[in-house]
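Engineer: Input structure: final_19.txt, which contains compact mmCIF, C-alpha atoms and all ligand atoms.
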```txt
# COMPACT_ATOMS: atom_id res chain seq x y z
CA MET A 624 -9.11 57.57 -9.26
CA GLY A 625 -7.71 60.79 -7.82
CA PHE A 626 -4.59 61.35 -5.78
CA TRP A 627 -4.84 58.84 -2.99
CA LYS A 628 -2.92 59.26 0.17
CA THR A 629 -2.91 56.19 2.37
CA TRP A 630 -2.46 56.73 6.03
CA PHE A 631 -1.44 54.00 8.47
CA SER A 632 -2.11 54.18 12.17
CA THR A 633 -0.21 52.13 14.74
CA PRO A 634 -1.61 48.78 15.79
CA GLU A 635 -4.21 49.02 18.53
CA SER A 636 -4.69 45.30 18.60
CA VAL A 637 -2.56 44.14 21.46
CA SER A 638 -1.85 47.06 23.70
CA ALA A 639 -4.59 49.62 24.17
CA THR A 640 -2.37 52.54 23.23
CA LYS A 641 -4.15 55.82 23.74
CA SER A 642 -1.98 58.09 21.62
CA ALA A 643 -2.07 56.74 18.10
CA ALA A 644 0.83 57.88 15.97
CA PHE A 645 0.22 58.01 12.25
CA GLU A 646 2.42 57.07 9.36
CA GLU A 647 1.52 58.69 6.08
CA HIS A 648 1.87 56.92 2.77
CA THR A 649 1.42 58.42 -0.64
CA ALA A 650 0.19 56.35 -3.52
CA SER A 651 1.53 57.87 -6.70
CA THR A 652 -1.19 56.62 -9.02
CA GLY A 653 -3.45 59.25 -10.55
CA ASP A 654 -3.34 62.98 -10.87
CA PRO A 655 -1.31 64.76 -8.16
CA SER A 656 -3.33 67.97 -8.55
CA ALA A 657 -6.65 66.38 -7.48
CA ASN A 658 -5.49 65.91 -3.91
CA SER A 659 -8.78 66.49 -2.07
CA ASP A 660 -9.47 62.74 -1.60
CA ARG A 661 -7.46 60.51 0.63
CA ILE A 662 -7.70 56.84 1.51
CA VAL A 663 -6.90 56.25 5.16
CA PHE A 664 -6.31 52.91 6.91
CA SER A 665 -6.88 52.45 10.60
CA THR A 666 -6.83 49.82 13.33
CA GLU A 667 -9.11 51.86 15.60
CA ARG A 668 -12.02 49.83 16.93
CA ASP A 669 -14.53 52.59 17.49
CA ILE A 670 -16.33 51.89 14.23
CA ASP A 671 -19.96 52.96 13.91
CA LEU A 672 -21.75 49.61 13.77
CA TYR A 673 -24.52 51.01 11.57
CA GLU A 674 -21.96 52.28 9.07
CA LEU A 675 -20.32 48.82 9.08
CA GLU A 676 -23.70 47.16 8.59
CA GLU A 677 -24.36 49.46 5.61
CA LEU A 678 -21.02 48.42 4.07
CA CYS A 679 -21.83 44.72 4.51
CA ASP A 680 -25.35 45.29 3.15
CA ALA A 681 -23.81 46.86 0.04
CA VAL A 682 -22.08 43.56 -0.87
CA GLY A 683 -25.17 41.51 -0.04
CA TRP A 684 -24.03 39.90 3.21
CA SER A 685 -26.80 38.76 5.50
CA ARG A 686 -27.40 40.90 8.57
CA ARG A 687 -25.96 39.91 11.92
CA PRO A 688 -27.04 41.01 15.40
CA LEU A 689 -25.14 44.23 16.20
CA ARG A 690 -24.58 42.98 19.76
CA LYS A 691 -22.60 40.05 18.35
CA VAL A 692 -20.77 42.20 15.79
CA LYS A 693 -19.70 44.48 18.66
CA LYS A 694 -18.43 41.48 20.65
CA ALA A 695 -16.58 40.08 17.63
CA ILE A 696 -14.82 43.41 17.04
CA GLU A 697 -13.83 43.63 20.70
CA HIS A 698 -12.35 40.13 20.63
CA SER A 699 -10.66 40.21 17.26
CA PHE A 700 -6.88 40.49 17.34
CA LEU A 701 -6.83 43.00 14.52
CA VAL A 702 -9.57 45.23 13.15
CA ALA A 703 -8.68 47.06 9.96
CA SER A 704 -10.83 49.70 8.33
CA MET A 705 -10.41 51.75 5.18
CA TRP A 706 -11.85 55.24 4.86
CA GLN A 707 -12.39 57.77 2.12
CA VAL A 708 -11.56 61.17 3.59
CA ARG A 709 -12.82 64.36 1.97
CA GLY A 710 -12.12 67.52 3.91
CA ASN A 711 -13.40 66.73 7.39
CA GLN A 712 -15.80 64.01 6.26
CA ARG A 713 -14.96 60.34 6.29
CA ARG A 714 -16.74 57.35 4.83
CA LEU A 715 -16.13 53.68 5.69
CA ILE A 716 -15.30 51.93 2.41
CA GLY A 717 -13.47 48.81 3.52
CA PHE A 718 -13.13 46.45 6.45
CA ALA A 719 -11.33 43.29 7.55
CA ARG A 720 -10.55 41.65 10.87
CA ALA A 721 -8.49 38.77 12.20
CA THR A 722 -8.68 36.39 15.14
CA SER A 723 -5.43 35.12 16.58
CA ASP A 724 -3.63 33.38 19.42
CA HIS A 725 -1.25 36.40 19.48
CA ALA A 726 1.68 34.03 18.90
CA PHE A 727 1.55 31.61 15.97
CA ASN A 728 -1.55 32.02 13.87
CA ALA A 729 -4.08 34.56 12.67
CA THR A 730 -7.24 33.98 10.67
CA ILE A 731 -8.69 36.78 8.55
CA TRP A 732 -12.48 37.25 8.39
CA ASP A 733 -15.02 39.63 6.83
CA VAL A 734 -12.88 41.19 4.09
CA VAL A 735 -15.01 43.71 2.23
CA VAL A 736 -14.62 46.70 -0.08
CA HIS A 737 -17.63 48.88 -0.99
CA PRO A 738 -18.78 48.15 -4.58
CA ASP A 739 -18.21 51.83 -5.54
CA PHE A 740 -14.51 51.31 -4.73
CA GLN A 741 -13.89 47.77 -6.00
CA GLY A 742 -11.54 46.96 -8.86
CA LYS A 743 -9.18 49.87 -8.09
CA GLY A 744 -6.58 47.94 -6.12
CA LEU A 745 -8.03 48.98 -2.76
CA GLY A 746 -8.91 45.43 -1.65
CA LYS A 747 -5.30 44.51 -2.25
CA ALA A 748 -4.11 47.62 -0.38
CA LEU A 749 -6.36 46.72 2.57
CA MET A 750 -5.03 43.15 2.64
CA LYS A 751 -1.43 44.42 2.43
CA TYR A 752 -2.16 46.65 5.41
CA VAL A 753 -3.59 43.67 7.34
CA LEU A 754 -0.60 41.45 6.47
CA LYS A 755 1.84 44.19 7.43
CA LYS A 756 0.18 44.54 10.83
CA LEU A 757 0.14 40.78 11.41
CA ARG A 758 3.77 40.45 10.39
CA SER A 759 4.74 43.24 12.78
CA GLU A 760 3.23 41.09 15.56
CA GLU A 761 5.43 38.15 14.50
CA ILE A 762 2.50 35.99 13.41
CA SER A 763 3.97 33.34 11.14
CA ASN A 764 0.86 31.53 9.94
CA VAL A 765 -1.89 33.67 8.36
CA THR A 766 -4.99 31.81 7.21
CA LEU A 767 -8.44 32.52 5.84
CA PHE A 768 -11.42 30.78 4.31
CA ALA A 769 -12.12 32.10 0.81
CA ASP A 770 -15.41 31.93 -1.03
CA PRO A 771 -14.85 30.32 -4.45
CA HIS A 772 -15.17 33.63 -6.33
CA VAL A 773 -12.39 35.32 -4.34
CA VAL A 774 -9.79 32.53 -4.26
CA ASP A 775 -7.95 34.23 -7.13
CA PHE A 776 -8.11 37.61 -5.39
CA TYR A 777 -6.21 36.11 -2.42
CA ARG A 778 -3.88 34.18 -4.69
CA THR A 779 -2.64 37.46 -6.24
CA MET A 780 -1.53 38.36 -2.71
CA GLY A 781 0.46 35.16 -2.19
CA PHE A 782 -2.14 33.07 -0.36
CA MET A 783 -2.04 29.37 -1.24
CA SER A 784 -5.05 27.06 -1.13
CA ASP A 785 -4.67 23.60 0.47
CA PRO A 786 -0.85 23.78 0.78
CA GLU A 787 0.53 20.24 1.18
CA GLY A 788 -3.03 18.94 1.12
CA ILE A 789 -4.13 20.79 4.27
CA LYS A 790 -7.91 21.11 4.11
CA GLY A 791 -10.13 23.84 5.48
CA MET A 792 -12.98 22.17 7.37
CA PHE A 793 -16.25 23.45 8.84
CA TRP A 794 -18.61 22.23 11.52
CA TYR A 795 -22.04 23.71 12.14
CA PRO A 796 -24.10 23.08 15.29
CA HIS A 797 -27.08 20.79 14.87
CA MET B 698 -9.23 -0.05 28.34
CA GLY B 699 -10.50 0.09 31.93
CA PHE B 700 -13.49 1.89 33.34
CA TRP B 701 -13.20 5.42 32.10
CA LYS B 702 -14.83 8.23 33.88
CA THR B 703 -14.82 11.47 31.94
CA TRP B 704 -14.98 14.62 33.93
CA PHE B 705 -15.91 18.00 32.50
CA SER B 706 -14.96 21.26 34.13
CA THR B 707 -16.74 24.55 33.45
CA PRO B 708 -15.40 26.79 30.68
CA GLU B 709 -12.63 29.11 31.81
CA SER B 710 -12.37 30.64 28.40
CA VAL B 711 -14.36 33.83 28.69
CA SER B 712 -14.71 34.74 32.32
CA ALA B 713 -11.83 33.96 34.63
CA THR B 714 -13.97 32.03 37.11
CA LYS B 715 -11.99 31.04 40.17
CA SER B 716 -14.28 28.34 41.55
CA ALA B 717 -14.52 25.67 38.87
CA ALA B 718 -17.51 23.40 39.26
CA PHE B 719 -17.18 19.93 37.83
CA GLU B 720 -19.61 17.77 35.94
CA GLU B 721 -18.87 14.08 36.05
CA HIS B 722 -19.47 11.80 33.11
CA THR B 723 -19.19 8.07 33.04
CA ALA B 724 -18.24 6.25 29.89
CA SER B 725 -19.74 2.78 30.00
CA THR B 726 -17.17 1.08 27.79
CA GLY B 727 -14.93 -1.47 29.47
CA ASP B 728 -14.97 -3.30 32.77
CA PRO B 729 -16.79 -1.48 35.62
CA SER B 730 -14.71 -3.26 38.26
CA ALA B 731 -11.37 -1.82 37.05
CA ASN B 732 -12.25 1.68 38.15
CA SER B 733 -8.81 2.91 39.17
CA ASP B 734 -8.22 4.80 35.88
CA ARG B 735 -10.17 7.82 34.87
CA ILE B 736 -10.01 10.10 31.85
CA VAL B 737 -10.58 13.69 32.85
CA PHE B 738 -11.20 16.66 30.56
CA SER B 739 -10.42 20.20 31.61
CA THR B 740 -10.40 23.77 30.34
CA GLU B 741 -7.89 24.92 32.96
CA ARG B 742 -4.99 26.84 31.46
CA ASP B 743 -2.31 26.09 34.03
CA ILE B 744 -0.78 23.34 31.95
CA ASP B 745 2.87 22.45 32.56
CA LEU B 746 4.51 23.62 29.34
CA TYR B 747 7.18 20.92 29.53
CA GLU B 748 4.50 18.23 29.84
CA LEU B 749 2.73 19.73 26.81
CA GLU B 750 6.01 19.81 24.87
CA GLU B 751 6.55 16.13 25.71
CA LEU B 752 3.08 15.29 24.35
CA CYS B 753 3.76 17.19 21.12
CA ASP B 754 7.20 15.56 20.83
CA ALA B 755 5.53 12.14 21.11
CA VAL B 756 3.60 12.74 17.86
CA GLY B 757 6.64 14.21 16.12
CA TRP B 758 5.66 17.87 16.04
CA SER B 759 8.52 20.31 15.75
CA ARG B 760 9.43 22.21 18.91
CA ARG B 761 8.17 25.72 19.46
CA PRO B 762 9.53 28.39 21.82
CA LEU B 763 7.82 27.89 25.20
CA ARG B 764 7.43 31.67 25.54
CA LYS B 765 5.24 31.67 22.43
CA VAL B 766 3.33 28.53 23.48
CA LYS B 767 2.55 30.26 26.78
CA LYS B 768 1.29 33.37 24.97
CA ALA B 769 -0.81 31.26 22.58
CA ILE B 770 -2.46 29.43 25.48
CA GLU B 771 -3.20 32.72 27.24
CA HIS B 772 -4.81 34.15 24.14
CA SER B 773 -6.71 31.12 22.93
CA PHE B 774 -10.46 31.24 23.47
CA LEU B 775 -10.61 27.65 24.61
CA VAL B 776 -7.87 25.37 25.90
CA ALA B 777 -8.89 21.74 26.32
CA SER B 778 -6.74 19.09 27.92
CA MET B 779 -7.28 15.40 28.54
CA TRP B 780 -5.71 13.62 31.49
CA GLN B 781 -5.26 10.07 32.65
CA VAL B 782 -5.86 10.07 36.39
CA ARG B 783 -4.58 7.21 38.56
CA GLY B 784 -5.01 7.71 42.27
CA ASN B 785 -3.55 11.15 42.88
CA GLN B 786 -1.34 11.15 39.77
CA ARG B 787 -2.31 12.70 36.49
CA ARG B 788 -0.76 12.50 33.06
CA LEU B 789 -1.47 14.82 30.12
CA ILE B 790 -2.60 12.58 27.24
CA GLY B 791 -4.48 14.97 24.97
CA PHE B 792 -4.70 18.62 24.03
CA ALA B 793 -6.58 21.00 21.75
CA ARG B 794 -7.20 24.72 21.65
CA ALA B 795 -9.30 27.21 19.71
CA THR B 796 -9.00 30.84 18.73
CA SER B 797 -12.22 32.81 18.38
CA ASP B 798 -13.87 36.20 18.07
CA HIS B 799 -16.12 35.11 21.01
CA ALA B 800 -19.17 35.69 18.81
CA PHE B 801 -19.34 34.01 15.41
CA ASN B 802 -16.38 31.80 14.69
CA ALA B 803 -13.83 29.55 16.35
CA THR B 804 -10.83 27.82 14.80
CA ILE B 805 -9.40 24.68 16.39
CA TRP B 806 -5.62 24.18 16.50
CA ASP B 807 -3.10 21.68 17.87
CA VAL B 808 -5.33 18.62 18.32
CA VAL B 809 -3.24 15.81 19.71
CA VAL B 810 -3.67 12.49 21.53
CA HIS B 811 -0.63 10.64 22.91
CA PRO B 812 0.25 7.61 20.74
CA ASP B 813 -0.24 5.25 23.73
CA PHE B 814 -3.88 6.38 23.83
CA GLN B 815 -4.72 6.69 20.13
CA GLY B 816 -7.31 4.51 18.39
CA LYS B 817 -9.49 4.13 21.52
CA GLY B 818 -12.03 6.84 20.72
CA LEU B 819 -10.32 9.41 22.94
CA GLY B 820 -9.51 11.82 20.10
CA LYS B 821 -13.19 11.81 19.25
CA ALA B 822 -14.12 12.31 22.93
CA LEU B 823 -11.72 15.26 23.17
CA MET B 824 -13.19 16.84 20.03
CA LYS B 825 -16.73 16.29 21.33
CA TYR B 826 -15.73 18.07 24.53
CA VAL B 827 -14.29 20.98 22.51
CA LEU B 828 -17.41 21.23 20.33
CA LYS B 829 -19.69 21.10 23.38
CA LYS B 830 -17.78 23.98 24.97
CA LEU B 831 -17.85 26.05 21.78
CA ARG B 832 -21.56 25.41 21.30
CA SER B 833 -22.25 26.49 24.88
CA GLU B 834 -20.65 29.83 23.95
CA GLU B 835 -23.04 30.18 21.00
CA ILE B 836 -20.27 29.93 18.41
CA SER B 837 -22.01 29.01 15.16
CA ASN B 838 -19.05 28.52 12.83
CA VAL B 839 -16.35 26.09 13.94
CA THR B 840 -13.41 25.67 11.58
CA LEU B 841 -10.04 23.98 11.43
CA PHE B 842 -7.22 23.17 9.03
CA ALA B 843 -6.70 19.42 8.76
CA ASP B 844 -3.55 17.67 7.62
CA PRO B 845 -4.40 15.23 4.78
CA HIS B 846 -4.07 12.13 7.03
CA VAL B 847 -6.64 13.37 9.56
CA VAL B 848 -9.34 14.71 7.23
CA ASP B 849 -11.31 11.48 7.73
CA PHE B 850 -10.89 11.69 11.51
CA TYR B 851 -12.64 15.08 11.48
CA ARG B 852 -15.18 13.89 8.94
CA THR B 853 -16.40 11.21 11.39
CA MET B 854 -17.25 14.09 13.72
CA GLY B 855 -19.31 15.98 11.15
CA PHE B 856 -16.68 18.38 9.82
CA MET B 857 -16.99 19.10 6.11
CA SER B 858 -14.08 20.01 3.84
CA ASP B 859 -14.51 22.90 1.38
CA PRO B 860 -18.29 23.29 1.92
CA GLU B 861 -19.79 25.17 -1.05
CA GLY B 862 -16.31 25.50 -2.49
CA ILE B 863 -14.92 27.56 0.40
CA LYS B 864 -11.15 27.14 0.37
CA GLY B 865 -8.74 27.15 3.27
CA MET B 866 -5.84 29.44 2.33
CA PHE B 867 -2.43 30.12 3.90
CA TRP B 868 0.06 32.95 3.70
CA TYR B 869 3.57 32.76 5.08
CA PRO B 870 5.79 35.82 5.65
CA HIS B 871 8.63 36.26 3.19
C1 LIG A 901 -13.04 40.64 -2.81
C2 LIG A 901 -12.88 42.16 -2.68
C3 LIG A 901 -12.49 42.49 -1.24
C4 LIG A 901 -11.76 42.61 -3.63
O1 LIG A 901 -11.55 44.00 -3.49
P1 LIG A 901 -11.18 44.93 -4.74
O2 LIG A 901 -10.86 46.26 -4.21
O3 LIG A 901 -12.24 44.84 -5.75
O4 LIG A 901 -9.87 44.17 -5.28
P2 LIG A 901 -8.61 44.84 -5.99
O5 LIG A 901 -9.09 45.89 -6.93
O6 LIG A 901 -7.63 45.26 -4.96
O7 LIG A 901 -8.03 43.59 -6.76
C5 LIG A 901 -6.74 43.05 -6.50
C6 LIG A 901 -6.45 41.93 -7.45
O8 LIG A 901 -7.38 40.87 -7.28
C7 LIG A 901 -8.13 40.68 -8.47
N1 LIG A 901 -9.52 40.47 -8.05
C8 LIG A 901 -10.32 41.35 -7.44
N2 LIG A 901 -11.51 40.81 -7.17
C9 LIG A 901 -11.44 39.55 -7.64
C10 LIG A 901 -12.35 38.49 -7.67
N3 LIG A 901 -13.56 38.59 -7.15
N4 LIG A 901 -11.94 37.33 -8.25
C11 LIG A 901 -10.71 37.21 -8.77
N5 LIG A 901 -9.81 38.19 -8.77
C12 LIG A 901 -10.17 39.34 -8.19
C13 LIG A 901 -7.96 41.91 -9.28
O9 LIG A 901 -8.08 41.62 -10.66
C14 LIG A 901 -6.58 42.35 -8.89
O10 LIG A 901 -5.61 41.56 -9.59
P3 LIG A 901 -4.21 42.22 -10.07
O11 LIG A 901 -3.47 42.63 -8.82
O12 LIG A 901 -3.57 41.11 -10.82
O13 LIG A 901 -4.60 43.40 -10.92
C15 LIG A 901 -14.16 42.91 -3.07
O14 LIG A 901 -14.47 42.56 -4.39
C16 LIG A 901 -15.34 42.60 -2.19
O15 LIG A 901 -15.51 43.23 -1.15
N6 LIG A 901 -16.21 41.64 -2.58
C17 LIG A 901 -17.43 41.33 -1.87
C18 LIG A 901 -17.17 40.71 -0.53
C19 LIG A 901 -16.43 39.41 -0.59
O16 LIG A 901 -16.76 38.52 -1.38
N7 LIG A 901 -15.42 39.24 0.28
C20 LIG A 901 -14.60 38.05 0.41
C21 LIG A 901 -15.26 37.06 1.32
S1 LIG A 901 -14.31 35.55 1.52
C1 LIG A 902 -5.66 12.55 14.99
C2 LIG A 902 -5.77 12.07 16.43
C3 LIG A 902 -6.05 13.26 17.35
C4 LIG A 902 -6.93 11.06 16.54
O1 LIG A 902 -7.05 10.64 17.87
P1 LIG A 902 -7.48 9.12 18.24
O2 LIG A 902 -7.72 9.08 19.70
O3 LIG A 902 -6.49 8.18 17.68
O4 LIG A 902 -8.85 8.99 17.41
P2 LIG A 902 -10.14 8.14 17.81
O5 LIG A 902 -9.68 6.83 18.36
O6 LIG A 902 -11.04 8.94 18.69
O7 LIG A 902 -10.83 7.96 16.40
C5 LIG A 902 -12.11 8.48 16.10
C6 LIG A 902 -12.51 8.09 14.70
O8 LIG A 902 -11.60 8.64 13.74
C7 LIG A 902 -10.94 7.61 13.03
N1 LIG A 902 -9.54 8.00 12.93
C8 LIG A 902 -8.66 8.17 13.93
N2 LIG A 902 -7.48 8.58 13.47
C9 LIG A 902 -7.64 8.68 12.14
C10 LIG A 902 -6.78 9.05 11.10
N3 LIG A 902 -5.52 9.43 11.32
N4 LIG A 902 -7.26 9.01 9.83
C11 LIG A 902 -8.51 8.63 9.60
N5 LIG A 902 -9.38 8.28 10.55
C12 LIG A 902 -8.95 8.29 11.79
C13 LIG A 902 -11.11 6.36 13.85
O9 LIG A 902 -11.11 5.21 13.04
C14 LIG A 902 -12.46 6.59 14.48
O10 LIG A 902 -13.49 6.31 13.56
P3 LIG A 902 -14.90 5.69 14.04
O11 LIG A 902 -15.55 6.70 14.95
O12 LIG A 902 -15.64 5.49 12.76
O13 LIG A 902 -14.52 4.41 14.74
C15 LIG A 902 -4.48 11.35 16.87
O14 LIG A 902 -4.26 10.27 16.01
C16 LIG A 902 -3.25 12.22 16.89
O15 LIG A 902 -2.98 12.90 17.86
N6 LIG A 902 -2.45 12.21 15.80
C17 LIG A 902 -1.19 12.95 15.72
C18 LIG A 902 -1.40 14.45 15.72
C19 LIG A 902 -2.20 14.94 14.54
O16 LIG A 902 -1.95 14.57 13.40
N7 LIG A 902 -3.17 15.83 14.84
C20 LIG A 902 -4.02 16.48 13.85
C21 LIG A 902 -3.34 17.70 13.28
S1 LIG A 902 -4.36 18.53 12.08
```
Would you kindly transcribe this structure into structure tokens?

Structural biologist:
Amino acid sequence: MGFWKTWFSTPESVSATKSAAFEEHTASTGDPSANSDRIVFSTERDIDLYELEELCDAVGWSRRPLRKVKKAIEHSFLVASMWQVRGNQRRLIGFARATSDHAFNATIWDVVVHPDFQGKGLGKALMKYVLKKLRSEEISNVTLFADPHVVDFYRTMGFMSDPEGIKGMFWYPH
Amino acid sequence: MGFWKTWFSTPESVSATKSAAFEEHTASTGDPSANSDRIVFSTERDIDLYELEELCDAVGWSRRPLRKVKKAIEHSFLVASMWQVRGNQRRLIGFARATSDHAFNATIWDVVVHPDFQGKGLGKALMKYVLKKLRSEEISNVTLFADPHVVDFYRTMGFMSDPEGIKGMFWYPH
């Protein structure tokens, strides 16, 4: 991994702020001389839906109608994306979103890191970014539904499964 | 239990329709002659916050700032309430709400029936109403987090816990 800079934009989730200010973060892992690559985080919603579909394809998720994906992004409380930036090119390499009542709870969905970028701590960085944003909105109860193979991934970030016996439950239309 | 009429209003969740049309349902349990009591379901959001607080108090839930409850109701996808109607008086006897991305998923929160009305099938009726509304919005994935003592209540309605090993997980700010 090169010299990653991580870049945080302000939350676009609640107010539709036009002028996004940027905070810049520098991750000190790797070689400081190879500074042509940066990892940038954003809460902008104008994500190319085909690029997002490609990312989800890459981890084997089944395709979803783009019309519905568009609607889901519009109505999520938080949309977080992670980009590899090289010169003036950028590539979508990570994504996550959260639904919320804007007051008490938020539920995180569709967490994904491109296979080329997995296992480098970027999934964790993306989740930290999401949690930081949710905390800044005073959300006190952050939840998610984890596939069995990623329960430990979320546990490393402080998520607890079934705390005090609370059970995640699902209902599908029939 | 008397002659319950259940009354469904149209969903207010997505579009802010002003003129709410009403469907009327008749539950055939009980004595048809004692028709002075009705149970009415609604998706209207103009719920008296003090009346809602009283209902939550009655089941022992800890108090929450009304300012945040108001915000949560505004930003929930669906707000369902259940009322006992006697003549021109109405009493809030049940409540539930759901967050959603308006496309794929919805998560149900704060399901409550007043103790005076528990064990009569009304919790189930309220949940059926919620599920009917969510289905009419083409939501295909309905989730919730159930306290241990109500897992069986949700199971009777077709909710499954940990399907295919999917785990409900929680994170609290620290
Ligand atoms: C799950 C996913 C987002 C993790 O991203 P990543 O960038 O590979 O994860 P990181 O490199 O940041 O790993 C962070 C920590 O979690 C651990 N971890 C990563 N993936 C894990 C997995 N699948 N199972 C268990 N632990 C995992 C790492 O070992 C690391 O632990 P450490 O902090 O103790 O070193 C990514 O693998 C992915 O997109 N998978 C496919 C899509 C998916 O399954 N999403 C979740 C749907 S519920
Ligand atoms: C949980 C609650 C909403 C149920 O409402 P209710 O009106 O009493 O439930 P119903 O009478 O409709 O019961 C429906 C079915 O669930 C069962 N049931 C009801 N409460 C149950 C419970 N606590 N545990 C297990 N089963 C239960 C009933 O036996 C019935 O089964 P059946 O259809 O096989 O006859 C209500 O008890 C309540 O408000 N409790 C306090 C608040 C709470 O804990 N909410 C859930 C937070 S996650």

Engineer: Let me have all residues with an atom within 9 Å of ligand LIG 901 (chain A), counting all atoms listed in the file, laid out as a ChimeraX atom specification.

Structural biologist: /A:679,681-684,717-719,732-738,740-750,767-780 /B:863

Engineer: Within 7 Å of chain B, which residues belong to chain A? Use only C-alpha atoms and report them as a ChimeraX atom specification.

Structural biologist: /A:691,694-695,698-699,722-726,758,763-771,781-785,788-796

Engineer: Quick check, in Å to one decimal: how far apart do atom N7 of ligand LIG 902 (chain A) and CA of Val753 (chain A) lie?

Structural biologist: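 That distance, rounded to one decimal, is 28.8 Å.
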
Engineer: Which residues, written as a PyMOL selection string, have at least one atom at most 8 Å from Gln781 (chain B), with all atoms listed in the file counted and residues fewer than 6 positions away on the same chain left out?

Structural biologist: chain B and resi 734-737+787-790

Engineer: Quick one: of B:Gln786, B:Pro762, B:Ala777, B:Leu752, who's nearest to ligand LIG 902 (chain A), counting only C-alpha atoms and all ligand atoms?

Structural biologist: B:Leu752

Engineer: To one decimal place in Å, what is the distance between atom O12 of ligand LIG 902 (chain A) and CA of Glu741 (chain B)?

Structural biologist: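 Separating atom O12 of ligand LIG 902 (chain A) from CA of Glu741 (chain B) is a distance of 29.1 Å.
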
Engineer: For the atom pair CA of Leu763 (chain B) and CA of Leu746 (chain B), what is the interatomic distance in Å to one decimal place?

Structural biologist: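 Distance reported for this atom pair: 6.8 Å.
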
Engineer: Which residue is closest to ligand LIG 902 (chain A)? Choose from B:Ser833, B:Ser759, B:Asp743, B:Arg783 and count all atoms listed in the file.

Structural biologist: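 Result for the nearest residue to ligand LIG 902 (chain A): B:Ser759.
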
Engineer: Could you write out as lines of an AutoDock Vina configuration file the box around region 683-696 of chain A (axis-aligned, all atoms listed in the file, 6 Å on each side), with centre and edge lengths in Å to one decimal?

Structural biologist:
```
center_x = -21.1
center_y = 41.6
center_z = 10.3
size_x = 24.6
size_y = 17.7
size_z = 32.7
```
